[in-house]
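Colleague: One structure, pasted below without further comment.
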Amino acid sequence: MHTEASSRPWPGLTCLLLAILVAGLGMHQLMALGDGPLISGLVEALNALRNPLYGNPDHLLLRYSWWPRLAMSLLAGAALALAGVVMQQVLRNPLAAPTTLGVASGANLALLGATLLAPGLLAMGREWVAMAGGAGSVALVFALTWRGGFTPLRVVLAGLVVNLYLGALAVILLLFHQEALKGLLIWGAGSLTQNGWHDVSFLAPRLVLGIGMAVWLLRPLAVLELDDASVKSLGISLKRLRLAGLGLAVFLTACVVSVVGVIGFIGLAAPNIVRLAGARRLGARLLWSTLLGALLLAATDLVLQGASPALSTLVPTGATTAALGAPLLLWLIPRLRLASVPHAAQSHVVSRHPAPHRLIRGLSLALLVAVGLALFSGQTVDGWHVSADWQVLEWRLPRLIAAGASGVMLALAGAMIQRLSANPMASPELLGISGGSAMALMGAIFLLPAPGNLTLVACGTLGALASLAVLITLNHRHGLAPERLLLTGVAITALFDAVRAIVLAGGDPRGQQVLAWLSGSTYYVDLPSAALVMALAMLLALASIPFCRWLDILPLGAASASALGVRVGRARLALLGLVALLTAAATLVVGPLSFVGLLAPHMARLAGLQRAHWHLIGAALIGALLMILADWLGRQLLFPDEVPAGLVASLIGGGYFMWSLRRG
Amino acid sequence: MTETSRMTSARAQYANAIPRRRLVGWVLLLILGSLLALPAHAAPRLATLDWTLAETLVAIGAPPVAAGQVDSYHAWVGEPRLPKQTADLGLRTQPNLERLAALAPDRILISPMFANLSPRLSRIAPVSNMALYQPGDDTWQRLQTLTREVGELAGRDAAAEALINDTQDHLARLRRRLPEEMSPLVIVQFMDERHVRVFGAGGLYQAVLEQLGIDNAWQGDANAWGFALVGFEALARQEGRLVVVEPFPAGVRQRLAESTLWQHQPSVRAGTSLTLPPVWSFGALPSAQRFAEELVTALEETVDAH
């Protein structure tokens with residue numbers, strides 16, 4: 001069966017077609033340069049490459065900009081795709097991407113920090129700062145998962161949380177130092193613009209080294225398709241193998257990221273496309289993915305270069321690849337034959353709490369204390385004050401309510417989607433509903449003159465509904481299978497990330513407003529809307545009670561669930577609808593980047609709440625607690641500056657999460 | 001009641017009466033005086049989120065009681081400096097409302113960028129939304145209108161008029177210092193070693209160039225704020241004298257020194273490129289004056305050198 005699949009010609013054919021496309025696009029651009037027929041343009045371009053005439057600006061551009069850019073796009077695409085295959089193989093997760101372990105966010109944070117604190121380091125070489133940052137974040141992920149022997153589940157979770165943590169720190173820096181950091185927003189969107197061969201000569205030998213390592217690791221890595229017990233019975237050290245594989249992927253990614261910035265999609269999509277085209281064995285997937293990745297990036301970049309005179313601003317290739325890739329991924333998903341990967345049961349990670357109701361009581365108490373703290377204490381112009389004046393409470397109360405309510409909603413949505421999909425990476429943010437809503441908000445901020453809050457909320461709701469429609473339409477035929485849903489969500493989220501990166505890279509001052517909206521703030525809530533949000537949260541929380549039985553059964557898998565008399569398709573649709581409502585309502589208040597929906601359910605689970613109703617209650621309480629504390633802390637930490645609650649929640653929750661990963 | 005006691009009470013009444021009458025007089029005088037003095041003394045206390053408005057307010061002698069991101073204002077706008085008394089409201093996009101409410105300003109000035117805040121801000125004080133850098137506007141006209149509007153709100157119409165006239169005179173003087181025939185300029189600011197902002201139609205720099213009678217060599221598109229973000233290679237064939245506005249991001253100077261493409265940029269190769277100290281590129285009249293001054297000085301220095 002395997003041989004039959006891998007003997008299909010599709011991967012090669014796909015690459016050939018793309019190669020022809022790249023060649024055609026390249027020729028077209030060269031023809032525009034040399035004003036004669038096709039051949040003279042090509043000859044001219046090659047002449048420029050070999051011995052350029054320095055007096056001729058065309059030659060200079062070809063020699064120092066066009067050719068290095070083409071080379072760079074091929075190299076970077078190849079490296080990312082190769083890293084993607086290895087990462088997906090080691091982590092046994094088709095959603096894993098080269099940036100899953102936090103390389104890009106580590107590099108990004110290092111660059112931001114160096115720009116603000118030690119610009120001298122950047123003068124010595126930007127790529128080294130980025131490399132060190134990427135290596136640092138991956139070292140953190142490894143340290144967190146060392147004891148667990150790098151089991152895929154733990155590595156993915158640790159990577160996710162490190163990504164969130166560093167990402168939140170980066171957004172805080174961006175919020176407060178937008179002017180100083182505007183150049184790095186271009187880097188973050190992955191621009192392939194070159195002005196010399198410096199970066200190509202940095203990347204090329206490293207890619208060769210990476211390919212060598214991949215070939216060397218090919219056979220041991222192929223064994224990872226078996227389950228853990230079989231691998232061990234072959235006498236292979238799983239831990240060392242995983243470390244080597246991840247190390248290779250991370251090395252390649254860090255090299256690319258450090259020279260051209262964040263390039264999305266290629267590392268995620270190329271391996272999936274190749275698999276879809278029929279390449280099954282690891283060797284074939286490595287080969288074709290690497291080629292496909294190189295060609296995909298080159299083709300996108302050439303198209304963009306061709307279109308750039310018509311665009312009024314620079315559109316970075318990395319983000320554009322992601323933006324163009326997302327619809328492709330959406331189109332592919334219904335066609336993707338997903339092997340149902342046996343999910344590592346999560347329940348054995350933590351033992352069940354002996355007396356859940358006592359835990360819940362403790363959490364409720366903590367919540368009350370937090371409410372009191374957040375409502376009555378705070379800083380003013382002349383120091384700390386405890387006050388119960390309405391003039392002060394008038395500003396605090398709506399934020400408190402909104403923070404708590406949105407925390408509850410996101411946590412409930414997260415707990416449900418994680419149980420529904422039995423995937424720990426699942427979160428309402430990853431379903432793409434937040435992303436859709438946020439894209440609509442960005443559109444409103446940029447396209448409408450001076451939009452008011454009501455307009456923004458209306459646009460956000462429309463965006464959320466649109467992504468929900470996409471989710472259901474694309475997945476209806478497959479009975480809303482959770483893996484597909486998540487993949488769809490990842491595609492929508494990737495599109496959102498890309499649009500955000502493009503928007504911010506342009507350097508428009510309104511980007512600051514976009515950042516502030518997106519970073520999860522309760523700032524914009526007034527009392528009536530806070531009351532509305534709270535009512536909505538209570539209503540939806542009540543509505544989720546009847547679903548507890550399904551939520552207990554569905555994690556067992558579709559087969560067991562239907563054996564127990566659950567109509568899986570219908571249950572999924574109902575739960576998904578509820579999750580969507582919860583997410584949309586919360587996103588409109590705190591923006592799409594809060595990650596409470598990811599963290600709170602995990603924290604509840606780590607605390608030992610396993611049964612669905614305890615899990616939901618615990619997650620809701622933790623969500624509210626996290627958001628209220630975060631909102632209060634965010635207002636005090638950098639007074640009078642306010643750090644958005646969503647970011648602080650990511651930092652608190654992420655810190656706790658890392659600590660318990662390390663411990664557990 | 002005895003005669004003496006009646007007398008003392010009458011005297012007491014009389015004694016009281018004089019100060020009371022005098023008091024009324026004082027109060028009347030005070031009211032009259034304050035009415036007369038109102039335009040000059042009881043200037044409204046204004047708060048603003050926008051730096052361009054803050055710079056205008058300082059320039060017309062009505063510094064805001066509160067502004068957003070005061071430290072960053074000083075780092076990026078620089079001159080004119082905000083006085084020490086100006087309170088920091090924190091992020092411009094999310095000013096600290098508790099603090100702003102405690103300061104109780106008479107009016108809050110915002111630009112359309114912050115329009116979504118106005119329902120909340122207007123619970124603290126009336127909000128005025130002042131447009132600047134709108135697509136399709138003539139920037140120079142708009143800058144003057146804005147200055148007048150701000151002057152009116154601050155009760156300093158005369159100072160605003162003076163700022164406008166002063167700027168016009170200053171730029172006219174600077175223009176006379178320049179030779180008749182000026183070669184066109186390309187004004188850029190480096191974002192990193194591969195990307196620059198080129199300033200074109202709709203921006204502050206372009207408006208100043210027009211006032212100085214200098215052509216902008218960049219005829220490409222620009223966004224509503226008057227700049228385009230382009231890769232550096234877009235300048236490789238660009239005619240016109242290159243004017244780089246500082247600051248250079250860290251490490252960029254070193255990289256440029258090694259870059260063949262930069263060495264062969266027409267203006268760099270001809271040795272005519274200029275570097276100017278930083279000026280807030282989205283500023284108002286004070287920034288315009290400063291940019292004009294820096295530019296003309298730099299142009300003169302190179303003329304002398306040749």
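Within each chain, counting starts at residue 1; across the structure tokens, chains are named A, B, ... in the order shown, with ligands numbered 1 upward in that order.
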At a cut-off of 8 Å, can you tabulate as JSON lines every residue of chain A near chain B together with its closest atom pair and the distance in Å to one decimal, using only C-alpha atoms and ordering rows by chain then number?

Modeller:
{"residue": "A:Tyr54", "atom": "CA", "partner": "B:His264", "partner_atom": "CA", "distance": 7.5}
{"residue": "A:Pro57", "atom": "CA", "partner": "B:Arg237", "partner_atom": "CA", "distance": 6.1}
{"residue": "A:Leu60", "atom": "CA", "partner": "B:Leu261", "partner_atom": "CA", "distance": 6.7}
{"residue": "A:Leu61", "atom": "CA", "partner": "B:Glu233", "partner_atom": "CA", "distance": 6.9}
{"residue": "A:Tyr64", "atom": "CA", "partner": "B:Leu261", "partner_atom": "CA", "distance": 6.5}
{"residue": "A:Ser65", "atom": "CA", "partner": "B:Glu233", "partner_atom": "CA", "distance": 6.8}
{"residue": "A:Thr115", "atom": "CA", "partner": "B:Ala250", "partner_atom": "CA", "distance": 6.8}
{"residue": "A:Pro119", "atom": "CA", "partner": "B:Ala250", "partner_atom": "CA", "distance": 5.2}
{"residue": "A:Gly120", "atom": "CA", "partner": "B:Ala250", "partner_atom": "CA", "distance": 7.0}
{"residue": "A:Leu122", "atom": "CA", "partner": "B:Gly251", "partner_atom": "CA", "distance": 5.4}
{"residue": "A:Ala123", "atom": "CA", "partner": "B:Gly251", "partner_atom": "CA", "distance": 3.6}
{"residue": "A:Met124", "atom": "CA", "partner": "B:Gly251", "partner_atom": "CA", "distance": 7.1}
{"residue": "A:Gly125", "atom": "CA", "partner": "B:Gly251", "partner_atom": "CA", "distance": 7.4}
{"residue": "A:Arg126", "atom": "CA", "partner": "B:Gly251", "partner_atom": "CA", "distance": 7.7}
{"residue": "A:Leu175", "atom": "CA", "partner": "B:Leu91", "partner_atom": "CA", "distance": 7.9}
{"residue": "A:Phe176", "atom": "CA", "partner": "B:Leu91", "partner_atom": "CA", "distance": 7.0}
{"residue": "A:His177", "atom": "CA", "partner": "B:Ser72", "partner_atom": "CA", "distance": 7.7}
{"residue": "A:Glu179", "atom": "CA", "partner": "B:Trp76", "partner_atom": "CA", "distance": 7.6}
{"residue": "A:Lys182", "atom": "CA", "partner": "B:Met191", "partner_atom": "CA", "distance": 6.8}
{"residue": "A:Gly183", "atom": "CA", "partner": "B:Met191", "partner_atom": "CA", "distance": 4.4}
{"residue": "A:Leu184", "atom": "CA", "partner": "B:Asp192", "partner_atom": "CA", "distance": 7.7}
{"residue": "A:Thr193", "atom": "CA", "partner": "B:Gly231", "partner_atom": "CA", "distance": 6.2}
{"residue": "A:Gln194", "atom": "CA", "partner": "B:Arg194", "partner_atom": "CA", "distance": 6.6}
{"residue": "A:Asn195", "atom": "CA", "partner": "B:Leu261", "partner_atom": "CA", "distance": 6.3}
{"residue": "A:Gly196", "atom": "CA", "partner": "B:Ser259", "partner_atom": "CA", "distance": 6.6}
{"residue": "A:Ser312", "atom": "CA", "partner": "B:Asp221", "partner_atom": "CA", "distance": 5.4}
{"residue": "A:Thr313", "atom": "CA", "partner": "B:Leu229", "partner_atom": "CA", "distance": 5.3}
{"residue": "A:Leu314", "atom": "CA", "partner": "B:Val230", "partner_atom": "CA", "distance": 5.3}
{"residue": "A:Thr380", "atom": "CA", "partner": "B:Arg99", "partner_atom": "CA", "distance": 6.5}
{"residue": "A:Val381", "atom": "CA", "partner": "B:Arg99", "partner_atom": "CA", "distance": 6.6}
{"residue": "A:Val392", "atom": "CA", "partner": "B:Glu98", "partner_atom": "CA", "distance": 6.6}
{"residue": "A:Trp395", "atom": "CA", "partner": "B:Glu98", "partner_atom": "CA", "distance": 6.5}
{"residue": "A:Pro449", "atom": "CA", "partner": "B:Pro112", "partner_atom": "CA", "distance": 7.6}
{"residue": "A:Ala450", "atom": "CA", "partner": "B:Pro112", "partner_atom": "CA", "distance": 5.2}
{"residue": "A:Pro451", "atom": "CA", "partner": "B:Asn116", "partner_atom": "CA", "distance": 6.1}
{"residue": "A:Gly452", "atom": "CA", "partner": "B:Asn116", "partner_atom": "CA", "distance": 4.3}
{"residue": "A:Asn453", "atom": "CA", "partner": "B:Asn116", "partner_atom": "CA", "distance": 5.2}
{"residue": "A:Gly506", "atom": "CA", "partner": "B:Leu229", "partner_atom": "CA", "distance": 6.4}
{"residue": "A:Gly507", "atom": "CA", "partner": "B:Leu229", "partner_atom": "CA", "distance": 7.7}
{"residue": "A:Asp508", "atom": "CA", "partner": "B:Trp225", "partner_atom": "CA", "distance": 7.5}
{"residue": "A:Arg510", "atom": "CA", "partner": "B:Met113", "partner_atom": "CA", "distance": 6.4}
{"residue": "A:Gln512", "atom": "CA", "partner": "B:Thr93", "partner_atom": "CA", "distance": 7.1}
{"residue": "A:Gln513", "atom": "CA", "partner": "B:Thr93", "partner_atom": "CA", "distance": 5.8}
{"residue": "A:Ala516", "atom": "CA", "partner": "B:Thr93", "partner_atom": "CA", "distance": 6.7}
{"residue": "A:Tyr523", "atom": "CA", "partner": "B:Gln94", "partner_atom": "CA", "distance": 6.9}
{"residue": "A:Tyr524", "atom": "CA", "partner": "B:Leu117", "partner_atom": "CA", "distance": 7.5}
{"residue": "A:Asp526", "atom": "CA", "partner": "B:Arg120", "partner_atom": "CA", "distance": 7.6}
{"residue": "A:Phe639", "atom": "CA", "partner": "B:Gly90", "partner_atom": "CA", "distance": 7.5}
{"residue": "A:Pro640", "atom": "CA", "partner": "B:Gly90", "partner_atom": "CA", "distance": 5.0}
{"residue": "A:Asp641", "atom": "CA", "partner": "B:Gly90", "partner_atom": "CA", "distance": 3.9}
{"residue": "A:Glu642", "atom": "CA", "partner": "B:Gly90", "partner_atom": "CA", "distance": 6.9}

Colleague: Contacts of Gly210 (chain A) at 8 Å or less, counting only C-alpha atoms, minus same-chain residues fewer than 3 places along, as JSON, numbers by chain?

Modeller: {"A": [79, 206, 207, 213, 214, 248, 251, 252]}

Colleague: Output C-alpha atoms of each residue in that selection to a file, as a PDB file, in the first residue's frame.

Modeller:
ATOM      1  CA  ALA A  79      15.137  25.185   4.438  1.00  0.00           C
ATOM      2  CA  ARG A 206      23.991  26.106   6.599  1.00  0.00           C
ATOM      3  CA  LEU A 207      21.287  24.691   4.375  1.00  0.00           C
ATOM      4  CA  MET A 213      22.088  15.993   8.618  1.00  0.00           C
ATOM      5  CA  ALA A 214      18.616  15.150   7.321  1.00  0.00           C
ATOM      6  CA  LEU A 248      17.953  19.923  12.986  1.00  0.00           C
ATOM      7  CA  PHE A 251      18.758  25.004  13.356  1.00  0.00           C
ATOM      8  CA  LEU A 252      17.414  25.423   9.828  1.00  0.00           C
TER       9      LEU A 252
END

Colleague: Among region 191-280 of chain A, which residues carry a DSSP assignment of alpha helix (DSSP H), reported as a count of residues only?

Modeller: 65

Colleague: Need the shell around Gly267 (chain A): protein/DNA/RNA residues with any atom at most 9 Å away, counting only C-alpha atoms. Skip same-chain ones fewer than 5 positions apart. Format as number ranges by chain?

Modeller: A: 77-85, 96-99, 289, 293

Colleague: Can you check which residues of region 77-193 of chain B DSSP gives as strand (DSSP E or B) on the backbone and send them as a list of chain:residue names?

Modeller: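 Checking each residue of region 77-193 of chain B, the strand (DSSP E or B) ones are B:Ala87, B:Asp88, B:Arg107, B:Ile108, B:Leu109, B:Ile110, B:Val127, B:Ser128, B:Asn129, B:Leu185, B:Val186, B:Ile187, B:Val188, B:Gln189, B:Phe190, B:Met191, B:Asp192.
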
Colleague: Any chance you can output those residues with N, CA and C atoms as a PDB file, in the first residue's frame?

Modeller:
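The resulting file, again18.pdb, is shown below:
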ATOM      1  N   ALA B  87       1.164  66.251  32.535  1.00  0.00           N
ATOM      2  CA  ALA B  87       1.060  64.902  33.093  1.00  0.00           C
ATOM      3  C   ALA B  87       1.085  63.866  31.977  1.00  0.00           C
ATOM      4  N   ASP B  88       1.657  62.719  32.284  1.00  0.00           N
ATOM      5  CA  ASP B  88       1.727  61.631  31.307  1.00  0.00           C
ATOM      6  C   ASP B  88       0.486  60.762  31.442  1.00  0.00           C
ATOM      7  N   ARG B 107     -11.080  70.388  28.227  1.00  0.00           N
ATOM      8  CA  ARG B 107     -11.341  69.880  26.873  1.00  0.00           C
ATOM      9  C   ARG B 107     -10.239  68.901  26.497  1.00  0.00           C
ATOM     10  N   ILE B 108     -10.611  67.894  25.695  1.00  0.00           N
ATOM     11  CA  ILE B 108      -9.623  66.911  25.253  1.00  0.00           C
ATOM     12  C   ILE B 108      -9.528  66.983  23.734  1.00  0.00           C
ATOM     13  N   LEU B 109      -8.314  67.164  23.240  1.00  0.00           N
ATOM     14  CA  LEU B 109      -8.118  67.237  21.791  1.00  0.00           C
ATOM     15  C   LEU B 109      -7.593  65.897  21.283  1.00  0.00           C
ATOM     16  N   ILE B 110      -8.231  65.372  20.255  1.00  0.00           N
ATOM     17  CA  ILE B 110      -7.758  64.126  19.671  1.00  0.00           C
ATOM     18  C   ILE B 110      -7.680  64.265  18.164  1.00  0.00           C
ATOM     19  N   VAL B 127     -14.847  66.645  23.835  1.00  0.00           N
ATOM     20  CA  VAL B 127     -13.758  66.154  22.986  1.00  0.00           C
ATOM     21  C   VAL B 127     -13.793  66.887  21.657  1.00  0.00           C
ATOM     22  N   SER B 128     -12.642  67.363  21.191  1.00  0.00           N
ATOM     23  CA  SER B 128     -12.573  67.938  19.842  1.00  0.00           C
ATOM     24  C   SER B 128     -11.685  67.063  18.979  1.00  0.00           C
ATOM     25  N   ASN B 129     -12.235  66.642  17.861  1.00  0.00           N
ATOM     26  CA  ASN B 129     -11.500  65.782  16.948  1.00  0.00           C
ATOM     27  C   ASN B 129     -10.904  66.641  15.837  1.00  0.00           C
ATOM     28  N   LEU B 185      15.046  66.791  -4.731  1.00  0.00           N
ATOM     29  CA  LEU B 185      15.527  65.973  -3.619  1.00  0.00           C
ATOM     30  C   LEU B 185      14.680  64.710  -3.460  1.00  0.00           C
ATOM     31  N   VAL B 186      15.292  63.682  -2.919  1.00  0.00           N
ATOM     32  CA  VAL B 186      14.539  62.498  -2.482  1.00  0.00           C
ATOM     33  C   VAL B 186      14.769  62.395  -0.983  1.00  0.00           C
ATOM     34  N   ILE B 187      13.691  62.427  -0.211  1.00  0.00           N
ATOM     35  CA  ILE B 187      13.849  62.397   1.247  1.00  0.00           C
ATOM     36  C   ILE B 187      13.467  61.013   1.754  1.00  0.00           C
ATOM     37  N   VAL B 188      14.419  60.388   2.445  1.00  0.00           N
ATOM     38  CA  VAL B 188      14.165  59.027   2.920  1.00  0.00           C
ATOM     39  C   VAL B 188      14.539  58.909   4.395  1.00  0.00           C
ATOM     40  N   GLN B 189      14.006  57.867   5.006  1.00  0.00           N
ATOM     41  CA  GLN B 189      14.389  57.527   6.373  1.00  0.00           C
ATOM     42  C   GLN B 189      14.558  56.006   6.396  1.00  0.00           C
ATOM     43  N   PHE B 190      15.667  55.536   6.959  1.00  0.00           N
ATOM     44  CA  PHE B 190      15.920  54.095   6.942  1.00  0.00           C
ATOM     45  C   PHE B 190      15.107  53.388   8.017  1.00  0.00           C
ATOM     46  N   MET B 191      14.456  52.263   7.632  1.00  0.00           N
ATOM     47  CA  MET B 191      13.735  51.436   8.584  1.00  0.00           C
ATOM     48  C   MET B 191      14.636  50.300   9.061  1.00  0.00           C
ATOM     49  N   ASP B 192      15.343  49.690   8.126  1.00  0.00           N
ATOM     50  CA  ASP B 192      16.430  48.771   8.429  1.00  0.00           C
ATOM     51  C   ASP B 192      17.375  48.844   7.241  1.00  0.00           C
TER      52      ASP B 192
END

Colleague: Which residues, written as a VMD selection string, have at least one atom at most 7 Å from region 205-211 of chain B, with only C-alpha atoms counted and residues fewer than 5 positions away on the same chain left out?

Modeller: chain B and resid 139 to 140 171 199 to 200 216 281 288 292

Colleague: Can you spit out the residues from that selection as a JSON list (two decimals), in the first residue's frame, using N, CA and C atoms?

Modeller:
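As written to disk, selection_31.json reads:
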[["chain", "number", "residue", "atom", "x", "y", "z"],
["B", 139, "THR", "N", -1.66, 69.76, 2.42],
["B", 139, "THR", "CA", -1.10, 69.63, 3.77],
["B", 139, "THR", "C", -0.80, 70.99, 4.39],
["B", 140, "TRP", "N", -0.24, 71.90, 3.59],
["B", 140, "TRP", "CA", 0.17, 73.19, 4.17],
["B", 140, "TRP", "C", -1.05, 73.98, 4.65],
["B", 171, "LEU", "N", 10.11, 80.49, 6.65],
["B", 171, "LEU", "CA", 10.34, 79.71, 5.44],
["B", 171, "LEU", "C", 10.68, 80.60, 4.25],
["B", 199, "PHE", "N", 9.50, 59.91, 1.35],
["B", 199, "PHE", "CA", 8.43, 60.84, 1.65],
["B", 199, "PHE", "C", 7.96, 61.53, 0.39],
["B", 200, "GLY", "N", 6.64, 61.52, 0.20],
["B", 200, "GLY", "CA", 6.09, 62.09, -1.02],
["B", 200, "GLY", "C", 4.88, 62.95, -0.72],
["B", 216, "ASN", "N", 10.30, 67.66, -5.31],
["B", 216, "ASN", "CA", 10.51, 66.33, -4.76],
["B", 216, "ASN", "C", 10.73, 65.38, -5.92],
["B", 281, "SER", "N", 8.20, 63.32, 11.51],
["B", 281, "SER", "CA", 7.74, 63.42, 10.13],
["B", 281, "SER", "C", 6.23, 63.62, 10.01],
["B", 288, "ALA", "N", 7.72, 71.66, 11.03],
["B", 288, "ALA", "CA", 7.97, 72.14, 9.67],
["B", 288, "ALA", "C", 9.10, 73.16, 9.68],
["B", 292, "ALA", "N", 12.73, 72.64, 7.85],
["B", 292, "ALA", "CA", 13.19, 73.60, 6.84],
["B", 292, "ALA", "C", 14.56, 74.16, 7.21]]

Colleague: What separation in Å, quoted to one decimal, exists between CA of Met182 (chain B) and CA of Ile214 (chain B)?

Modeller: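 Spanning CA of Met182 (chain B) to CA of Ile214 (chain B) is a straight-line distance of 6.1 Å.
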
Colleague: Determine, counting only C-alpha atoms, which protein, DNA and RNA residues have an atom within 9 Å of an atom of Gly618 (chain A); residues of the same chain fewer than 6 positions away are not included. Present the result as a ChimeraX atom specification.

Modeller: /A:356,359-360,363,600-601,603-605,607,609

Colleague: How would the residues just picked look written out with N, CA and C atoms as a PDB file, in the first residue's frame?

Modeller:
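again07.pdb, written as the output of this step:
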ATOM      1  N   PRO A 356     -12.699  17.460  44.216  1.00  0.00           N
ATOM      2  CA  PRO A 356     -12.800  18.612  43.319  1.00  0.00           C
ATOM      3  C   PRO A 356     -13.590  19.768  43.938  1.00  0.00           C
ATOM      4  N   LEU A 359     -11.435  22.120  45.833  1.00  0.00           N
ATOM      5  CA  LEU A 359     -10.632  22.934  44.920  1.00  0.00           C
ATOM      6  C   LEU A 359     -11.473  24.088  44.364  1.00  0.00           C
ATOM      7  N   ILE A 360     -12.697  23.763  43.971  1.00  0.00           N
ATOM      8  CA  ILE A 360     -13.583  24.782  43.406  1.00  0.00           C
ATOM      9  C   ILE A 360     -13.871  25.861  44.434  1.00  0.00           C
ATOM     10  N   LEU A 363     -10.950  28.117  44.692  1.00  0.00           N
ATOM     11  CA  LEU A 363     -10.870  29.001  43.522  1.00  0.00           C
ATOM     12  C   LEU A 363     -11.885  30.137  43.629  1.00  0.00           C
ATOM     13  N   ALA A 600      -6.477  28.526  30.504  1.00  0.00           N
ATOM     14  CA  ALA A 600      -7.330  28.212  31.662  1.00  0.00           C
ATOM     15  C   ALA A 600      -7.766  26.739  31.689  1.00  0.00           C
ATOM     16  N   PRO A 601      -8.236  26.178  30.579  1.00  0.00           N
ATOM     17  CA  PRO A 601      -8.617  24.756  30.637  1.00  0.00           C
ATOM     18  C   PRO A 601      -7.441  23.851  30.987  1.00  0.00           C
ATOM     19  N   MET A 603      -4.868  24.694  32.784  1.00  0.00           N
ATOM     20  CA  MET A 603      -4.537  24.879  34.190  1.00  0.00           C
ATOM     21  C   MET A 603      -5.524  24.108  35.056  1.00  0.00           C
ATOM     22  N   ALA A 604      -6.793  24.133  34.682  1.00  0.00           N
ATOM     23  CA  ALA A 604      -7.791  23.380  35.433  1.00  0.00           C
ATOM     24  C   ALA A 604      -7.457  21.890  35.390  1.00  0.00           C
ATOM     25  N   ARG A 605      -7.045  21.441  34.241  1.00  0.00           N
ATOM     26  CA  ARG A 605      -6.717  20.024  34.091  1.00  0.00           C
ATOM     27  C   ARG A 605      -5.468  19.659  34.891  1.00  0.00           C
ATOM     28  N   ALA A 607      -4.557  21.025  37.504  1.00  0.00           N
ATOM     29  CA  ALA A 607      -4.908  21.040  38.921  1.00  0.00           C
ATOM     30  C   ALA A 607      -5.651  19.762  39.306  1.00  0.00           C
ATOM     31  N   LEU A 609      -8.653  18.535  37.658  1.00  0.00           N
ATOM     32  CA  LEU A 609     -10.091  18.491  37.363  1.00  0.00           C
ATOM     33  C   LEU A 609     -10.294  17.747  36.047  1.00  0.00           C
TER      34      LEU A 609
END

Colleague: If you count only C-alpha atoms, which residues fall within 12 Å of Glu294 (chain B), apart from same-chain ones fewer than 3 positions away, as an NGL selection string?

Modeller: :B and (171 or 174 or 205 or 208 or 243-246 or 274-279 or 287-291 or 297-301)

Colleague: Write out as a list of chain:residue names which residues come within 9 Å of Leu285 (chain B) when counting only C-alpha atoms, dropping same-chain ones fewer than 2 positions away.

Modeller: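 Returned residues: B:Thr52, B:Glu55, B:Thr56, B:Ala59, B:Trp140, B:Leu143, B:Gln144, B:Thr147, B:Leu163, B:Ile164, B:Thr167, B:Leu204, B:Gly283, B:Ser287, B:Ala288, B:Gln289, B:Arg290.
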
Colleague: Just to be explicit: take each residue in the selection above, keep C-alpha atoms, and write the result as a PDB file, in the first residue's frame.

Modeller:
ATOM      1  CA  THR B  52       1.105  66.843  16.609  1.00  0.00           C
ATOM      2  CA  GLU B  55       3.523  70.314  19.714  1.00  0.00           C
ATOM      3  CA  THR B  56       1.150  72.948  18.357  1.00  0.00           C
ATOM      4  CA  ALA B  59       4.211  76.409  20.334  1.00  0.00           C
ATOM      5  CA  TRP B 140       0.169  73.188   4.168  1.00  0.00           C
ATOM      6  CA  LEU B 143      -1.560  72.648   8.950  1.00  0.00           C
ATOM      7  CA  GLN B 144      -2.467  76.324   9.099  1.00  0.00           C
ATOM      8  CA  THR B 147      -3.134  75.724  14.095  1.00  0.00           C
ATOM      9  CA  LEU B 163       2.860  81.054  14.795  1.00  0.00           C
ATOM     10  CA  ILE B 164       1.448  80.839  11.284  1.00  0.00           C
ATOM     11  CA  THR B 167       6.438  80.070  10.076  1.00  0.00           C
ATOM     12  CA  LEU B 204       5.035  67.272   6.099  1.00  0.00           C
ATOM     13  CA  GLY B 283       4.454  67.032  12.857  1.00  0.00           C
ATOM     14  CA  SER B 287       8.338  70.567  13.108  1.00  0.00           C
ATOM     15  CA  ALA B 288       7.967  72.143   9.667  1.00  0.00           C
ATOM     16  CA  GLN B 289      10.102  75.109  10.737  1.00  0.00           C
ATOM     17  CA  ARG B 290      12.732  72.868  12.199  1.00  0.00           C
TER      18      ARG B 290
END

Colleague: So which one's closest to Thr253 (chain A), A:Val155, A:Val86, A:Ala370, A:Leu181? Using only C-alpha atoms, please.

Modeller: A:Val86

Colleague: I'd like to know which of A:Val596, A:Ala107, A:Ala32, A:Leu554 is closest to Ala422 (chain A), using only C-alpha atoms.

Modeller: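 So, comparing all the options, the nearest one is A:Leu554.
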